[in-house]
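Participant: Data: coords_32.cif, mmCIF, C-alpha atoms and all ligand atoms.
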```cif
data_structure
loop_
_atom_site.label_atom_id
_atom_site.label_comp_id
_atom_site.auth_asym_id
_atom_site.auth_seq_id
_atom_site.Cartn_x
_atom_site.Cartn_y
_atom_site.Cartn_z
CA MET A 578 57.04 -82.51 72.43
CA GLU A 579 59.50 -83.48 69.72
CA HIS A 580 57.38 -86.48 68.95
CA HIS A 581 54.31 -84.26 68.48
CA CYS A 582 56.17 -81.93 66.02
CA CYS A 583 57.28 -84.84 63.88
CA ARG A 584 53.70 -85.99 63.50
CA LYS A 585 52.40 -82.67 62.23
CA PRO A 586 53.85 -82.88 58.70
CA LEU A 587 52.63 -86.44 58.57
CA LEU A 588 49.11 -85.34 59.47
CA TRP A 589 49.32 -82.65 56.83
CA LEU A 590 50.40 -85.21 54.24
CA VAL A 591 47.52 -87.50 55.16
CA LYS A 592 45.11 -84.57 54.82
CA VAL A 593 46.43 -83.67 51.35
CA LEU A 594 46.29 -87.28 50.21
CA LEU A 595 42.73 -87.64 51.48
CA ALA A 596 41.65 -84.39 49.83
CA ASN A 597 43.02 -85.62 46.48
CA GLN A 598 41.35 -88.96 46.95
CA ILE A 599 37.99 -87.26 47.55
CA LYS A 600 38.47 -85.05 44.51
CA SER A 601 39.08 -88.10 42.34
CA LEU A 602 35.90 -89.78 43.60
CA LYS A 603 33.57 -88.54 40.94
CA LYS A 604 29.97 -87.69 41.63
CA SER A 605 27.41 -89.94 40.01
CA VAL A 606 25.15 -88.06 37.59
CA ALA A 607 23.09 -90.95 36.24
CA ARG A 608 22.83 -94.52 37.42
CA LEU A 609 20.70 -97.24 35.81
CA THR A 610 20.39 -100.31 38.03
CA ASN A 611 18.92 -103.58 36.70
CA VAL A 612 16.84 -101.67 34.19
CA SER A 613 14.58 -103.64 31.85
CA LYS A 614 12.31 -102.26 29.19
CA PHE A 615 9.71 -104.43 27.45
CA TYR A 616 7.65 -103.43 24.45
CA GLY A 617 4.48 -105.29 23.53
CA LYS A 618 2.84 -108.28 25.20
CA GLY A 619 2.88 -112.08 25.18
CA SER A 620 4.70 -113.85 22.39
CA LEU A 621 5.27 -110.53 20.59
CA GLN A 622 7.03 -108.98 23.55
CA VAL A 623 10.42 -107.40 22.81
CA LYS A 624 13.00 -107.03 25.58
CA ALA A 625 14.68 -103.79 24.49
CA LEU A 626 16.68 -103.61 27.74
CA ASP A 627 17.44 -106.67 29.84
CA ASP A 628 18.73 -106.03 33.36
CA LEU A 629 21.00 -103.25 32.19
CA ASN A 630 23.45 -101.47 34.49
CA LEU A 631 25.16 -98.21 33.56
CA GLU A 632 26.78 -95.43 35.54
CA VAL A 633 27.64 -91.95 34.27
CA ASN A 634 29.81 -89.74 36.46
CA GLN A 635 30.26 -86.00 36.47
CA GLY A 636 32.58 -84.92 33.65
CA ASP A 637 32.32 -88.23 31.79
CA TYR A 638 32.39 -88.34 28.00
CA LEU A 639 30.92 -91.76 27.26
CA ALA A 640 30.28 -93.30 23.86
CA VAL A 641 27.61 -95.99 23.60
CA MET A 642 28.15 -98.56 20.83
CA GLY A 643 26.40 -101.75 19.75
CA ALA A 644 24.52 -103.36 16.88
CA SER A 645 21.26 -101.91 15.65
CA GLY A 646 18.47 -103.06 17.96
CA SER A 647 20.78 -103.59 20.96
CA GLY A 648 18.86 -101.05 23.05
CA LYS A 649 20.99 -97.91 22.73
CA SER A 650 18.15 -95.52 21.91
CA THR A 651 15.88 -97.08 24.51
CA ALA A 652 18.56 -96.51 27.16
CA MET A 653 19.07 -92.92 25.98
CA ASN A 654 15.33 -92.25 26.13
CA ILE A 655 15.23 -93.55 29.68
CA LEU A 656 18.32 -91.51 30.66
CA GLY A 657 16.64 -88.49 29.04
CA CYS A 658 13.38 -89.07 30.98
CA LEU A 659 11.54 -89.41 27.66
CA ASP A 660 10.58 -92.94 28.63
CA ARG A 661 10.33 -95.02 31.81
CA PRO A 662 11.85 -98.42 32.61
CA THR A 663 9.49 -101.43 32.95
CA HIS A 664 11.64 -102.60 35.88
CA GLY A 665 14.66 -101.28 37.70
CA ALA A 666 15.92 -98.01 39.11
CA TYR A 667 17.13 -94.78 37.56
CA GLU A 668 18.88 -92.31 39.80
CA LEU A 669 19.59 -88.87 38.31
CA ASN A 670 21.68 -86.61 40.53
CA GLY A 671 20.57 -88.68 43.50
CA ASN A 672 16.83 -88.50 42.66
CA ALA A 673 14.88 -91.72 42.10
CA VAL A 674 13.43 -90.86 38.71
CA GLU A 675 11.08 -93.88 38.53
CA LYS A 676 9.17 -92.48 41.52
CA LEU A 677 8.48 -89.07 39.93
CA ASP A 678 5.17 -88.09 38.31
CA ASP A 679 5.00 -86.83 34.71
CA ASP A 680 5.10 -83.12 35.68
CA SER A 681 8.25 -83.57 37.73
CA LEU A 682 9.80 -85.58 34.90
CA ALA A 683 9.07 -82.77 32.42
CA ASP A 684 10.66 -80.34 34.84
CA ILE A 685 13.81 -82.47 35.20
CA ARG A 686 13.97 -82.91 31.44
CA ASN A 687 13.98 -79.18 30.97
CA LYS A 688 16.39 -78.27 33.76
CA GLU A 689 18.84 -81.14 33.97
CA LEU A 690 18.92 -82.77 30.54
CA GLY A 691 19.94 -81.76 27.06
CA PHE A 692 19.08 -83.89 24.05
CA VAL A 693 20.60 -83.96 20.56
CA PHE A 694 19.17 -86.28 17.88
CA GLN A 695 20.36 -87.51 14.50
CA GLN A 696 17.66 -85.48 12.71
CA PHE A 697 18.23 -82.21 14.64
CA HIS A 698 14.49 -81.76 15.45
CA LEU A 699 14.53 -77.97 15.19
CA LEU A 700 11.28 -76.01 14.89
CA GLN A 701 11.21 -75.07 11.20
CA GLU A 702 8.98 -71.97 11.56
CA VAL A 703 11.30 -70.01 13.85
CA SER A 704 14.87 -68.70 13.70
CA ALA A 705 17.98 -70.33 15.15
CA LEU A 706 17.87 -67.81 18.01
CA GLU A 707 14.24 -68.62 18.83
CA ASN A 708 14.93 -72.35 18.71
CA VAL A 709 17.67 -71.89 21.30
CA MET A 710 15.45 -69.66 23.44
CA LEU A 711 12.66 -72.23 23.65
CA PRO A 712 13.86 -74.31 26.63
CA MET A 713 14.32 -71.07 28.59
CA ILE A 714 10.67 -70.14 28.01
CA TYR A 715 9.64 -73.41 29.69
CA ALA A 716 12.15 -72.68 32.47
CA CYS A 717 10.58 -69.21 32.98
CA VAL A 718 13.81 -67.28 32.31
CA PRO A 719 13.06 -63.51 31.87
CA SER A 720 12.99 -62.44 28.21
CA VAL A 721 16.08 -60.16 28.17
CA GLU A 722 18.14 -62.87 29.77
CA ARG A 723 16.72 -65.39 27.30
CA ILE A 724 17.98 -63.39 24.35
CA ASN A 725 21.38 -62.72 25.90
CA ARG A 726 21.93 -66.34 26.83
CA ALA A 727 20.74 -67.66 23.45
CA GLU A 728 23.07 -65.26 21.61
CA GLU A 729 25.95 -66.31 23.83
CA ALA A 730 25.20 -70.03 23.24
CA LEU A 731 25.06 -69.55 19.46
CA ASP A 732 28.37 -67.68 19.65
CA ARG A 733 29.78 -70.58 21.63
CA VAL A 734 28.88 -73.05 18.85
CA GLY A 735 30.27 -70.74 16.16
CA LEU A 736 26.98 -69.45 14.80
CA GLY A 737 27.10 -65.87 16.04
CA ASN A 738 26.52 -64.67 12.47
CA ARG A 739 23.59 -67.01 11.71
CA MET A 740 21.27 -66.28 14.62
CA ASN A 741 18.36 -64.96 12.59
CA ASN A 742 18.49 -67.66 9.93
CA MET A 743 15.63 -70.13 9.69
CA PRO A 744 16.69 -73.81 9.95
CA ASN A 745 16.17 -74.36 6.20
CA GLN A 746 18.70 -71.57 5.55
CA LEU A 747 21.37 -73.52 7.45
CA SER A 748 23.48 -76.54 6.46
CA GLY A 749 23.06 -79.86 8.27
CA GLY A 750 26.12 -79.22 10.43
CA GLN A 751 24.92 -75.72 11.31
CA GLN A 752 21.47 -77.06 12.22
CA GLN A 753 23.07 -79.65 14.48
CA ARG A 754 25.09 -76.89 16.15
CA VAL A 755 21.85 -74.96 16.78
CA ALA A 756 20.40 -78.15 18.30
CA ILE A 757 23.50 -78.47 20.52
CA ALA A 758 23.21 -74.82 21.61
CA ARG A 759 19.55 -75.49 22.47
CA ALA A 760 20.50 -78.63 24.39
CA ILE A 761 23.05 -76.86 26.61
CA ILE A 762 21.14 -73.61 27.15
CA ASN A 763 19.79 -74.50 30.60
CA GLN A 764 23.22 -75.80 31.71
CA PRO A 765 22.08 -79.43 31.93
CA SER A 766 23.93 -81.86 34.17
CA LEU A 767 23.78 -84.39 31.33
CA LEU A 768 24.00 -83.96 27.56
CA LEU A 769 22.60 -86.93 25.62
CA ALA A 770 23.32 -87.30 21.92
CA ASP A 771 21.78 -90.18 19.92
CA GLU A 772 23.78 -90.63 16.68
CA PRO A 773 24.34 -86.86 16.43
CA THR A 774 26.65 -87.23 13.44
CA GLY A 775 24.60 -89.96 11.71
CA ALA A 776 23.21 -87.55 9.12
CA LEU A 777 26.39 -85.52 8.59
CA ASP A 778 29.28 -85.78 6.12
CA SER A 779 32.77 -86.41 7.45
CA LYS A 780 33.94 -82.76 7.47
CA THR A 781 30.82 -81.64 9.33
CA THR A 782 31.07 -84.64 11.66
CA GLU A 783 34.57 -83.40 12.56
CA ASP A 784 33.22 -79.90 13.38
CA VAL A 785 30.49 -81.31 15.60
CA LEU A 786 32.95 -83.65 17.35
CA ASN A 787 35.31 -80.72 17.97
CA LEU A 788 32.39 -78.93 19.58
CA PHE A 789 31.70 -81.95 21.85
CA ASP A 790 35.40 -81.94 22.82
CA GLN A 791 35.10 -78.28 23.78
CA LEU A 792 31.95 -78.90 25.82
CA HIS A 793 33.64 -81.84 27.53
CA HIS A 794 36.61 -79.64 28.47
CA GLN A 795 34.18 -77.07 29.84
CA GLY A 796 32.95 -79.75 32.24
CA ILE A 797 29.73 -80.89 30.53
CA THR A 798 28.90 -84.58 31.04
CA ILE A 799 28.20 -86.26 27.70
CA VAL A 800 26.73 -89.58 26.60
CA LEU A 801 26.89 -90.11 22.85
CA VAL A 802 25.49 -93.03 20.84
CA THR A 803 27.33 -93.92 17.67
CA HIS A 804 28.03 -96.93 15.48
CA GLU A 805 31.13 -95.30 14.00
CA ASP A 806 34.49 -96.19 15.52
CA ASN A 807 36.13 -92.87 14.66
CA VAL A 808 33.35 -91.04 16.52
CA ALA A 809 33.53 -93.33 19.57
CA GLN A 810 37.33 -92.85 19.71
CA ARG A 811 36.77 -89.18 20.60
CA ALA A 812 35.01 -90.10 23.86
CA LYS A 813 36.91 -91.00 27.05
CA LYS A 814 35.02 -94.24 27.68
CA ILE A 815 33.07 -96.69 25.55
CA ALA A 816 30.10 -98.77 26.75
CA ARG A 817 29.23 -101.67 24.46
CA PHE A 818 25.63 -102.84 24.29
CA LYS A 819 24.47 -106.30 23.25
CA ASP A 820 20.91 -107.65 23.47
CA GLY A 821 19.81 -104.94 25.90
CA LYS A 822 22.77 -105.29 28.26
CA VAL A 823 26.08 -103.47 28.73
CA ILE A 824 28.67 -106.14 28.01
CA GLU A 825 31.81 -104.01 28.39
CA VAL A 826 32.92 -100.55 29.51
CA SER A 827 36.43 -99.62 28.39
CA LYS A 828 38.60 -96.52 28.65
CA ASN A 829 39.84 -94.78 25.53
N1 LIG A 901 8.44 -98.16 20.61
C1 LIG A 901 8.81 -99.42 20.40
N2 LIG A 901 7.90 -100.40 20.25
C2 LIG A 901 8.26 -101.68 20.04
N3 LIG A 901 9.54 -102.09 19.98
C3 LIG A 901 10.50 -101.15 20.11
C4 LIG A 901 10.19 -99.79 20.34
N4 LIG A 901 11.36 -99.09 20.44
C5 LIG A 901 12.33 -99.99 20.29
N5 LIG A 901 11.84 -101.23 20.10
C6 LIG A 901 12.61 -102.48 19.92
O1 LIG A 901 13.54 -102.57 21.01
C7 LIG A 901 14.80 -103.02 20.57
C8 LIG A 901 15.87 -101.98 20.90
O2 LIG A 901 15.67 -100.83 20.08
P1 LIG A 901 16.56 -99.53 20.14
O3 LIG A 901 16.71 -99.12 21.57
O4 LIG A 901 15.96 -98.55 19.23
O5 LIG A 901 17.96 -100.07 19.60
P2 LIG A 901 19.21 -99.28 18.98
O6 LIG A 901 19.05 -97.83 19.27
O7 LIG A 901 20.40 -99.91 19.64
O8 LIG A 901 19.19 -99.58 17.52
C9 LIG A 901 14.66 -103.32 19.09
O9 LIG A 901 14.36 -104.69 18.94
C10 LIG A 901 13.48 -102.45 18.68
O10 LIG A 901 12.83 -103.00 17.58
MG MG A 902 18.99 -96.15 17.96
#
```
Show me this structure written as structure tokens.

Facilitator:
Amino acid sequence: MEHHCCRKPLLWLVKVLLANQIKSLKKSVARLTNVSKFYGKGSLQVKALDDLNLEVNQGDYLAVMGASGSGKSTAMNILGCLDRPTHGAYELNGNAVEKLDDDSLADIRNKELGFVFQQFHLLQEVSALENVMLPMIYACVPSVERINRAEEALDRVGLGNRMNNMPNQLSGGQQQRVAIARAIINQPSLLLADEPTGALDSKTTEDVLNLFDQLHHQGITIVLVTHEDNVAQRAKKIARFKDGKVIEVSKN
């Protein structure tokens, strides 16, 4: 009897330790396995990605660095389901993306992925609010909810007082914040940003990076391409690309 009582706290301790261990095992959001991407044919063929492996876990804030032409944008386009690998596997939230047809890919792009580009890519003919509402139209969100959520997202990026402005009435930094609001509006499991501060001055870069910090603390998983050290330093991990491969992943 005594023996049994002594073991109970021990069992409890084992349970707590196991629970913590499980919590620290992060869920994989995106996994590229032996991914290659070739452009062109024959002697003109370019190997943009060459047997690349990369894993992104839930809650990660990963910076991707590497020389121009090392395959960063190609990898981002594949992660964002904008392009398909020539060889290899891409698993997004446990789904084998390479096996999906184009309609399912478009659906995943809309529901699970957010994209931010260097050049913002906002629709010029419509307001900030309407730009942010757009992905919800594709996702068939009812119109009242669309407006409420878009307003809330613009508030969240500090543009509550600029909602009805057209893109050309906003500064570069403000336009990028609209693009970020649009990218997170469907609560994507992965936010991809390809040189998001490449067209911004240093003060505006700082604002946008502060916003990424906030999103990271709110639990959004981020992959950000940059060639600037001070930008990469804000991420939690850095993956270095060379000749279409990941040559190093380090913690910040
Ligand atoms: N659509 C394309 N057609 C042909 N070659 C391409 C295409 N996109 C990228 N490449 C080539 O693939 C390589 C990797 O490009 P990219 O992924 O854009 O690199 P990074 O973003 O690191 O600068 C480069 O040599 C580039 O010229
Ligand atoms: Mg690029």

Participant: At a cut-off of 12 Å around the point (38.5, -101.9, 27.2) (file coordinates), what residues fall inside when counting all atoms listed in the file? I'd like the answer as a list in words.

Facilitator: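 Residues satisfying the cut-off, written out: Gln810, Lys813, Lys814, Ile815, Ala816, Arg817, Ile824, Glu825, Val826, Ser827, Lys828 and Asn829 of chain A.
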
Participant: Hey, which residues sit close to ligand LIG 901 (chain A)? Say within 7 Å, counting only C-alpha atoms and all ligand atoms, and write them as a list of chain:residue names.

Facilitator: A:Tyr616, A:Gly617, A:Val623, A:Lys624, A:Ala625, A:Gly643, A:Ala644, A:Ser645, A:Gly646, A:Ser647, A:Gly648, A:Lys649, A:Ser650, A:Thr651, A:Ala652

Participant: Closest to ligand MG 902 (chain A) among A:Ser605, A:Thr782, A:Asn654, A:Thr663, using all atoms listed in the file?

Facilitator: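 Ranked by minimum distance to ligand MG 902 (chain A), first place goes to A:Asn654.
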
Participant: Work out how far atom CA of Lys604 of chain A is from atom CA of Gly821 of chain A, in Å to one decimal.

Facilitator: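 It comes out at 25.5 Å.
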
Participant: Select, from A:Gln751, A:Asn763, A:Gln696, A:Thr774, the residue with the minimum atom-to-atom distance to Tyr715 of chain A, counting all atoms listed in the file.

Facilitator: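 Under the stated criterion, the closest residue is A:Asn763.
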
Participant: What's around Ala756 of chain A at 7 Å? Count only C-alpha atoms, leave out sequence neighbours fewer than 2 positions away in its own chain, and write the answer as a list in words.

Facilitator: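 Contacts, with the query itself left out: Val693, Phe697, Leu699, Gln752, Gln753, Arg754, Ala758, Arg759 and Ala760 of chain A.
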
Participant: Residues within 7 Å of segment 628-639 of chain A, please, as a PyMOL selection string. Count only C-alpha atoms; anything in the same chain fewer than 4 positions from it doesn't count.

Facilitator: chain A and resi 603-613+793+796-801+812-815+821-823

Participant: Using all atoms listed in the file, which of A:Val785, A:Met740, A:Gln701, A:Phe694 sits nearest ligand MG 902 (chain A)?

Facilitator: A:Phe694

Participant: Nearest to ligand MG 902 (chain A) among A:Glu772, A:Leu706, A:Leu590, A:Lys780, with distances taken over only C-alpha atoms and all ligand atoms: which residue is it?

Facilitator: A:Glu772

Participant: Which of these, A:Asp678, A:Asp771, A:Glu668, A:Asp660, has the shortest distance to ligand MG 902 (chain A) once you count all atoms listed in the file?

Facilitator: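 Comparing A:Asp678, A:Asp771, A:Glu668, A:Asp660 against ligand MG 902 (chain A), the winner is A:Asp771.
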
Participant: Would you please work out which residue, of A:Leu788, A:Ala640, A:Leu587, A:Gln746, is nearest to Asp806 of chain A when using all atoms listed in the file?

Facilitator: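 When distances to Asp806 of chain A are compared using all atoms listed in the file, the smallest one comes from A:Ala640.
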
Participant: What would the list of residues within 10 Å of (12.4, -92.3, 35.9) (file frame) look like as a list in words, if only C-alpha atoms are what count?

Facilitator: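 Output: Leu609, Ile655, Leu656, Gly657, Cys658, Leu659, Asp660, Arg661, Pro662, Gly665, Ala666, Tyr667, Glu668, Leu669, Asn672, Ala673, Val674, Glu675, Lys676, Leu677, Asp678, Asp679, Ser681, Leu682 and Ile685 of chain A.
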
Participant: Pull C-alpha atoms from the residues just selected and write them as an mmCIF file, in the coordinates of the input.

Facilitator:
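Okay, this is what ended up in again-v6.cif:
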```cif
data_model
loop_
_atom_site.group_PDB
_atom_site.id
_atom_site.type_symbol
_atom_site.label_atom_id
_atom_site.label_comp_id
_atom_site.auth_asym_id
_atom_site.auth_seq_id
_atom_site.Cartn_x
_atom_site.Cartn_y
_atom_site.Cartn_z
ATOM 1 C CA LEU A 609 20.700 -97.240 35.810
ATOM 2 C CA ILE A 655 15.230 -93.550 29.680
ATOM 3 C CA LEU A 656 18.320 -91.510 30.660
ATOM 4 C CA GLY A 657 16.640 -88.490 29.040
ATOM 5 C CA CYS A 658 13.380 -89.070 30.980
ATOM 6 C CA LEU A 659 11.540 -89.410 27.660
ATOM 7 C CA ASP A 660 10.580 -92.940 28.630
ATOM 8 C CA ARG A 661 10.330 -95.020 31.810
ATOM 9 C CA PRO A 662 11.850 -98.420 32.610
ATOM 10 C CA GLY A 665 14.660 -101.280 37.700
ATOM 11 C CA ALA A 666 15.920 -98.010 39.110
ATOM 12 C CA TYR A 667 17.130 -94.780 37.560
ATOM 13 C CA GLU A 668 18.880 -92.310 39.800
ATOM 14 C CA LEU A 669 19.590 -88.870 38.310
ATOM 15 C CA ASN A 672 16.830 -88.500 42.660
ATOM 16 C CA ALA A 673 14.880 -91.720 42.100
ATOM 17 C CA VAL A 674 13.430 -90.860 38.710
ATOM 18 C CA GLU A 675 11.080 -93.880 38.530
ATOM 19 C CA LYS A 676 9.170 -92.480 41.520
ATOM 20 C CA LEU A 677 8.480 -89.070 39.930
ATOM 21 C CA ASP A 678 5.170 -88.090 38.310
ATOM 22 C CA ASP A 679 5.000 -86.830 34.710
ATOM 23 C CA SER A 681 8.250 -83.570 37.730
ATOM 24 C CA LEU A 682 9.800 -85.580 34.900
ATOM 25 C CA ILE A 685 13.810 -82.470 35.200
#
```

Participant: With 6 Å of padding per side, what axis-aligned box (centre and edge lengths, Å, one decimal) covers all the listed atoms of segment 646-664 of chain A? Give it as AutoDock Vina command-line options.

Facilitator:
```
--center_x 15.2 --center_y -96.0 --center_z 26.9 --size_x 23.5 --size_y 27.1 --size_z 29.9
```

Participant: Take atom CA of Asp784 of chain A and atom CA of Ala727 of chain A and report the distance between them in Å, one decimal.

Facilitator: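 Between atom CA of Asp784 of chain A and atom CA of Ala727 of chain A the gap works out to 20.2 Å.
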
Participant: How many Å separate atom CA of Ala730 of chain A from atom CA of Ile762 of chain A?

Facilitator: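 Interatomic distance, atom CA of Ala730 of chain A to atom CA of Ile762 of chain A: 6.7 Å.
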
Participant: Find the residues near Arg811 of chain A: any atom within 8 Å, counting all atoms listed in the file, skip ones fewer than 2 places away on the same chain, and give them as a PyMOL selection string.

Facilitator: chain A and resi 786+790+807-809+813

Participant: Excluding segment 721-725 of chain A and residues on its chain fewer than 4 positions from it, collect all residues at most 10 Å away from it, counting all atoms listed in the file, and give them as a list in words.

Facilitator: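 Answer for this query is Leu706, Glu707, Val709, Met710, Leu711, Pro712, Met713, Ile714, Cys717, Glu729, Ala730 and Ile762 of chain A.
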
Participant: Excluding Lys688 of chain A and any residue of its chain fewer than 2 positions from it, enumerate the residues within 8 Å of it, using all atoms listed in the file, and give them as a list in words.

Facilitator: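 Contacts, in chain order: Asp684, Ile685, Arg686, Leu690, Ala716, Asn763, Gln764 and Pro765 of chain A.
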
Participant: Any chance you could model N, CA and C atoms for segment 671-688 of chain A and send them as an mmCIF file, in the coordinates of the input?

Facilitator:
```cif
data_model
loop_
_atom_site.group_PDB
_atom_site.id
_atom_site.type_symbol
_atom_site.label_atom_id
_atom_site.label_comp_id
_atom_site.auth_asym_id
_atom_site.auth_seq_id
_atom_site.Cartn_x
_atom_site.Cartn_y
_atom_site.Cartn_z
ATOM 1 N N GLY A 671 21.042 -88.237 42.188
ATOM 2 C CA GLY A 671 20.570 -88.680 43.500
ATOM 3 C C GLY A 671 19.060 -88.787 43.622
ATOM 4 N N ASN A 672 18.290 -88.379 42.590
ATOM 5 C CA ASN A 672 16.830 -88.500 42.660
ATOM 6 C C ASN A 672 16.366 -89.796 42.009
ATOM 7 N N ALA A 673 15.447 -90.490 42.671
ATOM 8 C CA ALA A 673 14.880 -91.720 42.100
ATOM 9 C C ALA A 673 13.843 -91.333 41.065
ATOM 10 N N VAL A 674 14.271 -91.352 39.801
ATOM 11 C CA VAL A 674 13.430 -90.860 38.710
ATOM 12 C C VAL A 674 12.152 -91.694 38.556
ATOM 13 N N GLU A 675 12.259 -93.018 38.779
ATOM 14 C CA GLU A 675 11.080 -93.880 38.530
ATOM 15 C C GLU A 675 9.933 -93.553 39.477
ATOM 16 N N LYS A 676 10.236 -92.807 40.563
ATOM 17 C CA LYS A 676 9.170 -92.480 41.520
ATOM 18 C C LYS A 676 8.494 -91.143 41.195
ATOM 19 N N LEU A 677 9.018 -90.410 40.208
ATOM 20 C CA LEU A 677 8.480 -89.070 39.930
ATOM 21 C C LEU A 677 7.254 -89.120 39.021
ATOM 22 N N ASP A 678 6.337 -88.161 39.205
ATOM 23 C CA ASP A 678 5.170 -88.090 38.310
ATOM 24 C C ASP A 678 5.575 -87.381 37.009
ATOM 25 N N ASP A 679 4.658 -87.350 36.038
ATOM 26 C CA ASP A 679 5.000 -86.830 34.710
ATOM 27 C C ASP A 679 5.402 -85.352 34.728
ATOM 28 N N ASP A 680 4.752 -84.548 35.597
ATOM 29 C CA ASP A 680 5.100 -83.120 35.680
ATOM 30 C C ASP A 680 6.532 -82.934 36.178
ATOM 31 N N SER A 681 6.888 -83.695 37.201
ATOM 32 C CA SER A 681 8.250 -83.570 37.730
ATOM 33 C C SER A 681 9.270 -84.050 36.703
ATOM 34 N N LEU A 682 8.902 -85.075 35.946
ATOM 35 C CA LEU A 682 9.800 -85.580 34.900
ATOM 36 C C LEU A 682 10.040 -84.500 33.832
ATOM 37 N N ALA A 683 8.949 -83.827 33.427
ATOM 38 C CA ALA A 683 9.070 -82.770 32.420
ATOM 39 C C ALA A 683 9.979 -81.658 32.929
ATOM 40 N N ASP A 684 9.846 -81.364 34.207
ATOM 41 C CA ASP A 684 10.660 -80.340 34.840
ATOM 42 C C ASP A 684 12.141 -80.720 34.827
ATOM 43 N N ILE A 685 12.427 -81.949 35.188
ATOM 44 C CA ILE A 685 13.810 -82.470 35.200
ATOM 45 C C ILE A 685 14.382 -82.468 33.791
ATOM 46 N N ARG A 686 13.534 -82.876 32.843
ATOM 47 C CA ARG A 686 13.970 -82.910 31.440
ATOM 48 C C ARG A 686 14.432 -81.536 30.999
ATOM 49 N N ASN A 687 13.676 -80.549 31.371
ATOM 50 C CA ASN A 687 13.980 -79.180 30.970
ATOM 51 C C ASN A 687 15.201 -78.604 31.688
ATOM 52 N N LYS A 688 15.330 -78.912 32.968
ATOM 53 C CA LYS A 688 16.390 -78.270 33.760
ATOM 54 C C LYS A 688 17.700 -79.042 33.767
#
```
